[in-house]
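What's in model22.cif: mmCIF, C-alpha atoms
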data_input
loop_
_atom_site.label_atom_id
_atom_site.label_comp_id
_atom_site.auth_asym_id
_atom_site.auth_seq_id
_atom_site.Cartn_x
_atom_site.Cartn_y
_atom_site.Cartn_z
CA MET A 147 -47.51 -6.91 -40.42
CA ALA A 148 -47.51 -5.78 -36.80
CA GLU A 149 -44.92 -3.29 -35.70
CA PRO A 150 -42.13 -5.02 -33.78
CA ALA A 151 -41.92 -4.10 -30.11
CA ALA A 152 -38.32 -3.01 -30.55
CA THR A 153 -36.16 -2.23 -33.54
CA ARG A 154 -32.95 -4.09 -34.25
CA ARG A 155 -30.99 -1.00 -33.27
CA GLN A 156 -32.78 -0.78 -29.92
CA PHE A 157 -32.16 -4.47 -29.35
CA LEU A 158 -28.44 -4.16 -30.11
CA LYS A 159 -28.20 -1.06 -27.93
CA ALA A 160 -29.61 -3.06 -25.02
CA LEU A 161 -27.62 -6.19 -25.86
CA ILE A 162 -24.16 -4.61 -25.88
CA PRO A 163 -24.21 -3.23 -22.31
CA ALA A 164 -25.91 -6.40 -21.09
CA VAL A 165 -23.16 -8.61 -22.56
CA ALA A 166 -20.44 -6.24 -21.31
CA GLY A 167 -21.99 -6.35 -17.84
CA LEU A 168 -22.16 -10.13 -17.87
CA VAL A 169 -18.53 -10.43 -19.00
CA GLY A 170 -17.48 -8.00 -16.27
CA CYS A 171 -19.38 -9.96 -13.63
CA TRP A 172 -17.89 -13.20 -14.89
CA ARG A 173 -14.36 -11.86 -14.71
CA TYR A 174 -15.00 -10.42 -11.28
CA LEU A 175 -16.31 -13.72 -9.97
CA THR A 176 -13.42 -15.82 -11.31
CA PRO A 177 -10.33 -14.82 -9.32
CA VAL A 178 -6.95 -14.92 -11.03
CA ARG A 179 -5.11 -16.67 -8.24
CA ASP A 180 -5.89 -20.23 -7.28
CA LEU A 181 -7.77 -20.43 -4.02
CA VAL A 182 -5.81 -23.60 -3.19
CA PRO A 183 -2.54 -22.83 -1.36
CA ARG A 184 0.64 -23.74 -3.24
CA GLU A 185 2.81 -24.43 -0.25
CA VAL A 186 2.54 -25.21 3.41
CA SER A 187 4.86 -24.22 6.22
CA VAL A 188 5.40 -25.95 9.58
CA PRO A 189 7.64 -25.14 12.57
CA ALA A 190 10.95 -27.00 12.18
CA GLY A 191 10.84 -28.09 15.82
CA GLU A 192 7.81 -30.29 15.13
CA VAL A 193 9.79 -32.66 12.93
CA PRO A 194 11.89 -34.84 15.26
CA ARG A 195 15.23 -36.34 14.24
CA GLY A 196 14.63 -39.86 12.96
CA GLY A 197 10.88 -39.21 12.92
CA ALA A 198 8.14 -37.69 10.81
CA LEU A 199 5.41 -35.08 10.98
CA VAL A 200 2.28 -36.14 9.12
CA LEU A 201 0.03 -33.42 7.71
CA PRO A 202 -3.14 -35.38 6.93
CA GLU A 203 -5.00 -32.35 5.56
CA HIS A 204 -2.36 -31.96 2.85
CA GLY A 205 -1.67 -35.68 2.40
CA LEU A 206 2.05 -35.39 3.07
CA ALA A 207 4.66 -36.20 5.68
CA VAL A 208 7.84 -34.31 6.52
CA THR A 209 10.56 -36.70 7.70
CA ARG A 210 13.98 -36.12 9.16
CA GLY A 211 16.59 -38.86 8.95
CA ARG A 212 18.84 -39.78 11.84
CA GLU A 213 21.57 -37.69 10.19
CA GLY A 214 19.20 -34.73 9.93
CA GLY A 215 18.33 -34.98 6.23
CA LEU A 216 14.97 -33.38 5.53
CA ARG A 217 12.45 -34.92 3.14
CA ALA A 218 8.80 -34.31 2.31
CA LEU A 219 6.81 -37.25 0.96
CA ASN A 220 3.50 -37.32 -0.82
CA LEU A 221 1.43 -39.89 1.06
CA THR A 222 -0.49 -40.99 -2.03
CA CYS A 223 0.42 -44.60 -2.73
CA THR A 224 2.12 -45.00 -6.11
CA HIS A 225 0.18 -48.22 -6.71
CA LEU A 226 -3.46 -47.16 -6.91
CA GLY A 227 -3.60 -43.86 -5.09
CA CYS A 228 -4.68 -44.75 -1.55
CA ARG A 229 -3.42 -42.67 1.37
CA VAL A 230 -0.53 -44.51 3.08
CA THR A 231 -0.31 -44.41 6.88
CA ALA A 232 2.83 -43.71 8.87
CA THR A 233 4.17 -46.58 10.97
CA GLU A 234 7.12 -47.04 13.31
CA THR A 235 9.47 -47.93 10.48
CA GLY A 236 7.97 -46.27 7.45
CA PHE A 237 4.66 -46.15 5.59
CA THR A 238 2.05 -48.82 4.86
CA CYS A 239 -0.77 -48.69 2.38
CA PRO A 240 -4.07 -49.86 3.89
CA CYS A 241 -5.52 -50.86 0.52
CA HIS A 242 -3.11 -53.46 -0.84
CA GLY A 243 -0.39 -53.66 1.79
CA SER A 244 2.49 -51.96 0.00
CA ARG A 245 5.19 -50.98 2.45
CA PHE A 246 7.68 -48.15 2.13
CA ASP A 247 10.66 -47.25 4.31
CA GLU A 248 11.08 -43.90 6.03
CA ASN A 249 12.59 -42.44 2.83
CA GLY A 250 9.63 -43.56 0.76
CA ALA A 251 11.47 -46.41 -1.03
CA VAL A 252 9.44 -49.58 -1.72
CA LEU A 253 9.97 -52.44 0.74
CA THR A 254 7.21 -54.75 -0.47
CA GLY A 255 4.76 -54.49 -3.36
CA PRO A 256 2.41 -54.36 -5.09
CA ALA A 257 3.71 -50.78 -5.49
CA THR A 258 6.80 -50.64 -7.68
CA ARG A 259 7.73 -46.97 -7.39
CA ALA A 260 8.85 -45.00 -4.35
CA LEU A 261 6.56 -42.41 -2.79
CA HIS A 262 6.78 -39.08 -4.61
CA GLU A 263 9.07 -36.63 -2.95
CA LEU A 264 8.04 -33.00 -2.66
CA VAL A 265 10.30 -29.99 -2.74
CA CYS A 266 10.91 -28.75 0.78
CA PHE A 267 13.37 -26.42 2.41
CA GLU A 268 14.21 -25.27 5.89
CA ASP A 269 14.29 -21.54 6.46
CA GLY A 270 15.29 -20.63 9.98
CA ASP A 271 12.80 -22.28 12.30
CA ARG A 272 10.23 -23.12 9.64
CA ILE A 273 10.01 -25.82 7.01
CA THR A 274 8.20 -24.99 3.79
CA VAL A 275 6.83 -27.72 1.51
CA ARG A 276 5.65 -27.14 -2.07
CA LEU A 277 2.33 -28.88 -2.49
CA PRO A 278 1.78 -31.13 -5.50
CA GLU A 279 -0.31 -29.70 -8.33
CA ALA A 280 -3.95 -30.62 -7.95
CA THR A 281 -4.98 -33.30 -10.43
CA MET B 102 -43.40 -2.04 -20.24
CA ILE B 103 -40.23 -0.82 -18.56
CA GLY B 104 -40.61 2.53 -20.26
CA GLU B 105 -44.15 2.88 -18.96
CA PHE B 106 -43.07 1.97 -15.47
CA VAL B 107 -40.35 4.62 -15.58
CA ARG B 108 -42.88 7.14 -16.87
CA HIS B 109 -45.08 6.33 -13.90
CA LEU B 110 -42.25 7.23 -11.56
CA PHE B 111 -42.39 10.80 -12.80
CA PRO B 112 -45.04 13.01 -11.27
CA ARG B 113 -47.94 14.21 -13.37
CA ILE B 114 -47.77 17.70 -11.96
CA VAL B 115 -44.72 19.69 -10.93
CA LEU B 116 -44.54 23.33 -9.95
CA ARG B 117 -42.64 25.41 -12.45
CA ARG B 118 -40.65 27.23 -9.78
CA ASN B 119 -39.45 23.88 -8.41
CA LEU B 120 -37.79 23.01 -11.69
CA ARG B 121 -34.96 25.53 -11.32
CA ILE B 122 -31.73 23.61 -10.88
CA THR B 123 -30.59 26.10 -8.22
CA TYR B 124 -33.61 25.19 -6.10
CA THR B 125 -32.49 21.62 -5.32
CA PHE B 126 -29.12 21.22 -7.06
CA CYS B 127 -30.26 17.60 -7.61
CA LEU B 128 -28.79 16.76 -4.22
CA GLY B 129 -31.51 14.29 -3.29
CA GLY B 130 -31.35 12.54 -6.65
CA LEU B 131 -27.57 12.41 -6.49
CA SER B 132 -27.78 10.90 -3.01
CA PHE B 133 -30.20 8.28 -4.28
CA THR B 134 -27.92 7.43 -7.23
CA THR B 135 -25.01 7.05 -4.80
CA PHE B 136 -27.15 4.84 -2.62
CA LEU B 137 -28.03 2.61 -5.57
CA THR B 138 -24.33 2.39 -6.51
CA LEU B 139 -23.60 1.35 -2.94
CA ILE B 140 -26.18 -1.42 -3.15
CA VAL B 141 -24.81 -2.77 -6.43
CA THR B 142 -21.14 -2.63 -5.40
CA GLY B 143 -22.01 -3.96 -1.94
CA LEU B 144 -23.82 -6.95 -3.44
CA LEU B 145 -20.78 -7.73 -5.56
CA LEU B 146 -18.44 -7.38 -2.57
CA MET B 147 -20.56 -9.92 -0.70
CA PHE B 148 -19.36 -12.57 -3.12
CA TYR B 149 -15.90 -12.34 -1.57
CA TYR B 150 -16.21 -10.93 1.92
CA ARG B 151 -16.02 -13.39 4.82
CA PRO B 152 -17.47 -12.02 8.09
CA SER B 153 -15.16 -13.83 10.49
CA PRO B 154 -12.26 -12.42 12.53
CA THR B 155 -9.72 -14.60 10.72
CA GLY B 156 -11.27 -14.36 7.28
CA ALA B 157 -12.29 -10.71 7.02
CA PHE B 158 -8.98 -8.98 6.42
CA GLU B 159 -7.70 -11.91 4.38
CA SER B 160 -10.73 -11.79 2.10
CA ILE B 161 -10.20 -8.06 1.54
CA GLN B 162 -6.57 -8.64 0.64
CA PHE B 163 -7.56 -11.43 -1.69
CA LEU B 164 -10.20 -9.21 -3.30
CA GLU B 165 -7.66 -6.44 -3.84
CA SER B 166 -4.83 -8.61 -5.11
CA SER B 167 -6.39 -11.43 -7.07
CA VAL B 168 -9.81 -10.39 -8.30
CA TRP B 169 -10.35 -8.55 -11.57
CA GLY B 170 -11.79 -5.16 -10.68
CA GLY B 171 -11.83 -6.05 -6.99
CA ARG B 172 -9.81 -3.09 -5.83
CA TYR B 173 -11.82 -0.75 -8.06
CA LEU B 174 -15.10 -2.08 -6.76
CA ARG B 175 -14.06 -1.81 -3.14
CA SER B 176 -12.73 1.71 -3.65
CA LEU B 177 -15.95 2.67 -5.39
CA HIS B 178 -18.00 1.33 -2.49
CA ARG B 179 -15.89 3.26 -0.02
CA PHE B 180 -15.92 6.44 -2.11
CA CYS B 181 -19.68 6.25 -2.53
CA SER B 182 -20.20 5.79 1.20
CA HIS B 183 -18.29 9.00 1.88
CA THR B 184 -20.02 10.78 -0.98
CA LEU B 185 -23.44 9.70 0.22
CA LEU B 186 -22.87 11.29 3.62
CA VAL B 187 -21.59 14.52 2.07
CA LEU B 188 -24.52 14.70 -0.34
CA ILE B 189 -27.11 14.00 2.34
CA MET B 190 -25.56 16.68 4.54
CA LEU B 191 -25.67 19.19 1.67
CA HIS B 192 -29.22 18.12 0.89
CA THR B 193 -30.17 18.73 4.52
CA LEU B 194 -28.49 22.11 4.40
CA ARG B 195 -30.41 23.00 1.25
CA VAL B 196 -33.70 21.99 2.89
CA VAL B 197 -32.89 24.11 5.93
CA LEU B 198 -31.89 27.13 3.86
CA THR B 199 -34.94 27.02 1.61
CA GLY B 200 -37.27 26.40 4.54
CA ALA B 201 -38.53 23.18 2.97
CA TYR B 202 -38.89 21.56 6.38
CA ARG B 203 -41.95 23.65 7.21
CA HIS B 204 -45.58 22.60 7.13
CA PRO B 205 -46.96 20.91 5.02
CA ARG B 206 -43.67 19.15 4.24
CA HIS B 207 -42.52 18.57 7.82
CA GLY B 208 -43.24 14.83 7.46
CA THR B 209 -40.83 14.61 4.55
CA TRP B 210 -38.23 16.40 6.66
CA VAL B 211 -38.63 13.97 9.57
CA VAL B 212 -38.32 10.95 7.29
CA GLY B 213 -35.29 12.52 5.62
CA THR B 214 -33.61 13.11 8.94
CA LEU B 215 -34.17 9.46 9.86
CA ILE B 216 -32.55 8.48 6.54
CA LEU B 217 -29.58 10.68 7.44
CA PHE B 218 -29.13 8.87 10.76
CA LEU B 219 -29.48 5.48 9.07
CA ALA B 220 -26.86 6.48 6.49
CA VAL B 221 -24.44 7.40 9.26
CA GLY B 222 -25.20 4.06 10.93
CA SER B 223 -24.62 2.17 7.69
CA ALA B 224 -21.32 3.89 7.11
CA TYR B 225 -20.25 3.25 10.67
CA THR B 226 -21.12 -0.46 10.68
CA GLY B 227 -19.37 -0.87 7.36
CA TYR B 228 -16.25 0.69 8.79
CA LEU B 229 -15.48 -2.30 11.01
CA LEU B 230 -15.87 -4.90 8.30
CA PRO B 231 -12.36 -4.82 6.71
CA LEU B 232 -11.00 -5.44 10.22
CA ASP B 233 -7.77 -3.54 9.72
CA GLN B 234 -6.21 -1.30 12.36
CA LEU B 235 -8.30 1.71 11.36
CA SER B 236 -11.55 -0.25 11.63
CA TYR B 237 -10.58 -1.77 14.92
CA TRP B 238 -9.68 1.46 16.67
CA ALA B 239 -12.49 3.48 15.13
CA THR B 240 -15.00 0.96 16.41
CA GLN B 241 -13.25 0.74 19.75
CA THR B 242 -13.55 4.49 20.31
CA GLY B 243 -17.07 4.63 18.89
CA MET B 244 -18.30 1.94 21.22
CA GLU B 245 -16.64 3.69 24.16
CA LEU B 246 -18.52 6.86 23.21
CA LEU B 247 -21.74 4.88 23.23
CA ARG B 248 -21.18 4.16 26.93
CA VAL B 249 -21.79 7.77 27.97
CA LEU B 250 -25.33 7.69 26.57
CA PRO B 251 -28.22 6.68 28.78
CA LEU B 252 -28.60 2.91 28.40
CA GLY B 253 -25.27 3.08 26.53
CA GLU B 254 -23.85 0.07 28.30
CA GLN B 255 -26.81 -2.07 27.22
CA LEU B 256 -26.59 -0.71 23.67
CA ARG B 257 -22.91 -1.54 23.54
CA THR B 258 -23.61 -5.10 24.69
CA LEU B 259 -26.21 -5.35 21.96
CA PHE B 260 -23.69 -4.42 19.26
CA VAL B 261 -20.62 -5.98 20.85
CA PRO B 262 -21.54 -9.07 22.84
CA ASP B 263 -17.95 -10.37 22.90
CA HIS B 264 -15.26 -7.80 22.08
CA ILE B 265 -14.50 -5.42 19.20
CA GLY B 266 -13.59 -7.52 16.18
CA GLY B 267 -14.79 -10.69 17.89
CA PRO B 268 -16.84 -13.20 15.89
CA LEU B 269 -20.21 -12.08 17.24
CA SER B 270 -19.62 -8.34 17.06
CA LEU B 271 -18.32 -8.65 13.50
CA LEU B 272 -21.32 -10.74 12.52
CA ARG B 273 -23.74 -8.25 14.07
CA PHE B 274 -22.11 -5.28 12.36
CA TYR B 275 -22.24 -7.27 9.13
CA ALA B 276 -25.93 -8.14 9.52
CA LEU B 277 -26.75 -4.52 10.32
CA HIS B 278 -24.65 -3.28 7.43
CA ILE B 279 -25.91 -5.55 4.67
CA ALA B 280 -29.48 -6.32 5.72
CA VAL B 281 -31.10 -4.33 8.50
CA LEU B 282 -29.96 -0.78 7.77
CA PRO B 283 -30.21 -0.88 3.93
CA THR B 284 -33.73 -2.34 4.12
CA LEU B 285 -34.83 0.32 6.58
CA MET B 286 -33.19 3.00 4.47
CA LEU B 287 -34.80 1.82 1.26
CA SER B 288 -38.25 1.72 2.85
CA LEU B 289 -37.82 5.21 4.25
CA ILE B 290 -36.47 6.47 0.93
CA PHE B 291 -39.63 5.30 -0.81
CA LEU B 292 -41.74 6.90 1.90
CA HIS B 293 -39.67 10.08 1.38
CA PHE B 294 -40.32 9.98 -2.38
CA PHE B 295 -44.00 9.29 -1.86
CA ARG B 296 -44.35 12.31 0.39
CA ILE B 297 -42.39 14.55 -1.99
CA ARG B 298 -44.62 13.51 -4.87
CA ARG B 299 -47.74 14.11 -2.90
CA SER B 300 -46.62 17.64 -2.19
CA LYS B 301 -45.89 18.15 -5.91
CA GLY B 302 -42.14 18.21 -5.50
CA VAL B 303 -39.75 17.35 -8.28
CA LEU B 304 -39.25 13.66 -8.59
CA PRO B 305 -37.40 11.94 -10.03
CA TYR B 306 -34.82 13.22 -10.55
CA LEU B 307 -33.95 16.59 -9.15
#
As structure tokens - that is how I would like this structure written.
Amino acid sequence: MAEPAATRRQFLKALIPAVAGLVGCWRYLTPVRDLVPREVSVPAGEVPRGGALVLPEHGLAVTRGREGGLRALNLTCTHLGCRVTATETGFTCPCHGSRFDENGAVLTGPATRALHELVCFEDGDRITVRLPEAT
Amino acid sequence: MIGEFVRHLFPRIVLRRNLRITYTFCLGGLSFTTFLTLIVTGLLLMFYYRPSPTGAFESIQFLESSVWGGRYLRSLHRFCSHTLLVLIMLHTLRVVLTGAYRHPRHGTWVVGTLILFLAVGSAYTGYLLPLDQLSYWATQTGMELLRVLPLGEQLRTLFVPDHIGGPLSLLRFYALHIAVLPTLMLSLIFLHFFRIRRSKGVLPYL
């Protein structure tokens, strides 16, 4: 029988550092923190009383009632997940015509549930909104 | 096969008197090891670094805070860059003190000196990349110094077409740091080794 090119011991000696190196590289290349931001902050002055600020890149709107109540709404329609658009009086879904009022409550179907509200708080002159978990 | 290749790297003939450790102190070999470490750590850092004015500092912070081994790797890269300069300087000093720059090895000396300048250039261009206050002001002063040279103004425009830390200047420093200078250095290092071997020097690894 021909002599093997390398003994088992040599093979294992090469394998162990190779695997350790690969594991190290893998851990290095997978960061611990999510690259997606968890919250977004906007200047409070941009949300008018009785109006809304739409953040299309985050799929949410920050609204302020006539009495000054602050609310952040997820603009994903609760019916089938389309992006609702802001209108004069509230929000309308372009897919199946569901309508919501400025607080996100259903006005007409087919949606049956109100728009999801996100946690938001005003801190000085900035409003911070917690973004929904990515699905 | 790998073993045979490595064996080929070693010279067939070396002079006995060259093998004393006190002759070279391994300074060249140590410099080369440091250089290789810089290449490996630098390649890994490239997976996170973003060469843009808004992204640079942020990417460094991200690397340090959220990446396993990120801070270690960056520190190692920085440490090695300092060490490389120190080792090359000591190596140069050794060559001067032992008279190794003289004929017939003057070619090796010239190539080595070029490598020294390139190493300084590499370290300098890398200095701007984190884009923190230190980088910004160090580059600012360095580029002002460049102005006093003949053709300095043109040189400065070549490196900094917009302003220090601007998108173009950062990109140019980055390109020089990761591609142009290392490639030049590596080619000259091999030329350096080739010349040393031809004059029956000790290689590798002293």
Using all atoms listed in the file, select each residue of chain B with any atom at most 9 Å away from an atom of chain A, and give the selection as a PyMOL selection string. chain B and resi 145+148-149+163-164+166-171
Find the spatial neighbours of B:His293, counting only C-alpha atoms, within a cut-off of 7 Å - ignore same-chain residues fewer than 4 positions away - and output them as an MDAnalysis selection string. chainID B and resid 209 212:213 289 297
How would you write as a compact mmCIF listing (two decimals) with C-alpha atoms, keeping the file's coordinate frame the residues that get within 12 Å of (1.0, -53.2, -7.1) in the file's frame, counting only C-alpha atoms?
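For reference, part-v4.txt as written:
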# COMPACT_ATOMS: atom_id res chain seq x y z
CA CYS A 223 0.42 -44.60 -2.73
CA THR A 224 2.12 -45.00 -6.11
CA HIS A 225 0.18 -48.22 -6.71
CA LEU A 226 -3.46 -47.16 -6.91
CA GLY A 227 -3.60 -43.86 -5.09
CA CYS A 228 -4.68 -44.75 -1.55
CA CYS A 239 -0.77 -48.69 2.38
CA CYS A 241 -5.52 -50.86 0.52
CA HIS A 242 -3.11 -53.46 -0.84
CA GLY A 243 -0.39 -53.66 1.79
CA SER A 244 2.49 -51.96 0.00
CA ARG A 245 5.19 -50.98 2.45
CA VAL A 252 9.44 -49.58 -1.72
CA LEU A 253 9.97 -52.44 0.74
CA THR A 254 7.21 -54.75 -0.47
CA GLY A 255 4.76 -54.49 -3.36
CA PRO A 256 2.41 -54.36 -5.09
CA ALA A 257 3.71 -50.78 -5.49
CA THR A 258 6.80 -50.64 -7.68
CA ARG A 259 7.73 -46.97 -7.39
CA ALA A 260 8.85 -45.00 -4.35
Within 12 Å of stretch 148-154 of chain A, counting all atoms listed in the file, which residues show up once you throw out same-chain ones fewer than 5 positions away? Write them as a list in words, please. Lys159, Ala160 and Leu161 of chain A; Met102 and Gly104 of chain B
Would you export the selected residues with C-alpha atoms as a PDB file, in the coordinates of the input, please?
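After the write, result15.pdb holds the following:
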ATOM      1  CA  LYS A 159     -28.200  -1.060 -27.930  1.00  0.00           C
ATOM      2  CA  ALA A 160     -29.610  -3.060 -25.020  1.00  0.00           C
ATOM      3  CA  LEU A 161     -27.620  -6.190 -25.860  1.00  0.00           C
TER       4      LEU A 161
ATOM      5  CA  MET B 102     -43.400  -2.040 -20.240  1.00  0.00           C
ATOM      6  CA  GLY B 104     -40.610   2.530 -20.260  1.00  0.00           C
TER       7      GLY B 104
END
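Distances from B:Leu146, B:Leu271, B:Leu185, B:Leu259 to B:Arg172 were compared using all atoms listed in the file, and the smallest one belongs to B:Leu146.
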Give me the residues within 12 Å of B:Ala201 as a list in words, counting only C-alpha atoms and dropping any in the same chain fewer than 6 places off.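 In the requested form, the answer reads Asn119, Tyr124, Thr125, His192, Thr193, Leu194, Arg195, His207, Gly208, Thr209, Trp210, Val211, Gly213, Ile297, Ser300 and Gly302 of chain B.
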Residue with smallest distance to B:Gly222 - pool B:Pro283, B:Pro152, B:Gly266, B:Pro205, counting only C-alpha atoms: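 Smallest distance to B:Gly222 is found for B:Pro283.
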To one decimal place, how far is atom CA of B:Leu256 from atom CA of B:Tyr225 in Å?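 Taking atom CA of B:Leu256 as the start and atom CA of B:Tyr225 as the end point, the length is 15.0 Å.
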Point-to-point distance in Å for atom CA of B:Thr214 and atom CA of B:Gly200: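 Answer for the atom CA of B:Gly200 to atom CA of B:Thr214 separation: 14.5 Å.
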Report as a tab-separated table (two decimals) with C-alpha atoms, in the frame of the given file the full result of the PyMOL selection byres ((chain A and resi 266) around 8) when it is applied to this structure.
chain	number	residue	atom	x	y	z
A	216	LEU	CA	14.97	-33.38	5.53
A	217	ARG	CA	12.45	-34.92	3.14
A	218	ALA	CA	8.80	-34.31	2.31
A	264	LEU	CA	8.04	-33.00	-2.66
A	265	VAL	CA	10.30	-29.99	-2.74
A	267	PHE	CA	13.37	-26.42	2.41
A	268	GLU	CA	14.21	-25.27	5.89
A	273	ILE	CA	10.01	-25.82	7.01
A	274	THR	CA	8.20	-24.99	3.79
A	275	VAL	CA	6.83	-27.72	1.51
A	276	ARG	CA	5.65	-27.14	-2.07
For atom CA of B:Leu191 and atom CA of B:Pro112, quote the distance in Å rounded to one decimal. 24.1 Å
What's the 10 Å shell around A:Arg229, counting only C-alpha atoms, without same-chain residues fewer than 6 positions away, as a VMD selection string? chain A and resid 202 205 to 206 220 to 223 237 to 241
Counting all atoms listed in the file, which residues have an atom no more than 12 Å from (-31.1, 1.2, 7.9) in the file's coordinates? Please list them as a ChimeraX atom specification. /B:136,215-227,274,276-290
Give me the residues near A:Arg195 as a list in words, where near means some atom within 7 Å (using all atoms listed in the file) and where sequence neighbours in that chain fewer than 6 positions away do not count.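 Skipping anything fewer than 6 positions along the chain leaves Arg210, Gly211, Arg212 and Gly214 of chain A.
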How would the residues just picked look written out with C-alpha atoms as a tab-separated table (two decimals), keeping the file's coordinate frame?
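Ended up saving to part22.tsv:
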chain	number	residue	atom	x	y	z
A	210	ARG	CA	13.98	-36.12	9.16
A	211	GLY	CA	16.59	-38.86	8.95
A	212	ARG	CA	18.84	-39.78	11.84
A	214	GLY	CA	19.20	-34.73	9.93
Completion of stretch 175-188 of chain B up to N, CA and C atoms, as a short mmCIF file (atom, residue, chain, number, x, y, z; two decimals), in the frame of the given file:
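The resulting file, rebuild.cif, is reproduced below:
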data_model
loop_
_atom_site.label_atom_id
_atom_site.label_comp_id
_atom_site.auth_asym_id
_atom_site.auth_seq_id
_atom_site.Cartn_x
_atom_site.Cartn_y
_atom_site.Cartn_z
N ARG B 175 -14.11 -2.12 -4.56
CA ARG B 175 -14.06 -1.81 -3.14
C ARG B 175 -13.85 -0.31 -2.95
N SER B 176 -12.96 0.27 -3.75
CA SER B 176 -12.73 1.71 -3.65
C SER B 176 -13.99 2.48 -3.98
N LEU B 177 -14.72 1.99 -4.99
CA LEU B 177 -15.95 2.67 -5.39
C LEU B 177 -16.96 2.63 -4.26
N HIS B 178 -17.06 1.48 -3.60
CA HIS B 178 -18.00 1.33 -2.49
C HIS B 178 -17.64 2.30 -1.36
N ARG B 179 -16.36 2.38 -1.09
CA ARG B 179 -15.89 3.26 -0.02
C ARG B 179 -16.13 4.73 -0.39
N PHE B 180 -15.75 5.06 -1.62
CA PHE B 180 -15.92 6.44 -2.11
C PHE B 180 -17.39 6.84 -2.05
N CYS B 181 -18.26 5.94 -2.50
CA CYS B 181 -19.68 6.25 -2.53
C CYS B 181 -20.22 6.42 -1.12
N SER B 182 -19.70 5.66 -0.16
CA SER B 182 -20.20 5.79 1.20
C SER B 182 -19.86 7.18 1.75
N HIS B 183 -18.64 7.65 1.44
CA HIS B 183 -18.29 9.00 1.88
C HIS B 183 -19.15 10.03 1.15
N THR B 184 -19.26 9.84 -0.17
CA THR B 184 -20.02 10.78 -0.98
C THR B 184 -21.47 10.87 -0.53
N LEU B 185 -22.04 9.71 -0.19
CA LEU B 185 -23.44 9.70 0.22
C LEU B 185 -23.64 10.60 1.44
N LEU B 186 -22.73 10.47 2.41
CA LEU B 186 -22.87 11.29 3.62
C LEU B 186 -22.76 12.78 3.29
N VAL B 187 -21.77 13.11 2.45
CA VAL B 187 -21.59 14.52 2.07
C VAL B 187 -22.84 15.04 1.37
N LEU B 188 -23.35 14.25 0.42
CA LEU B 188 -24.52 14.70 -0.34
C LEU B 188 -25.75 14.85 0.55
#
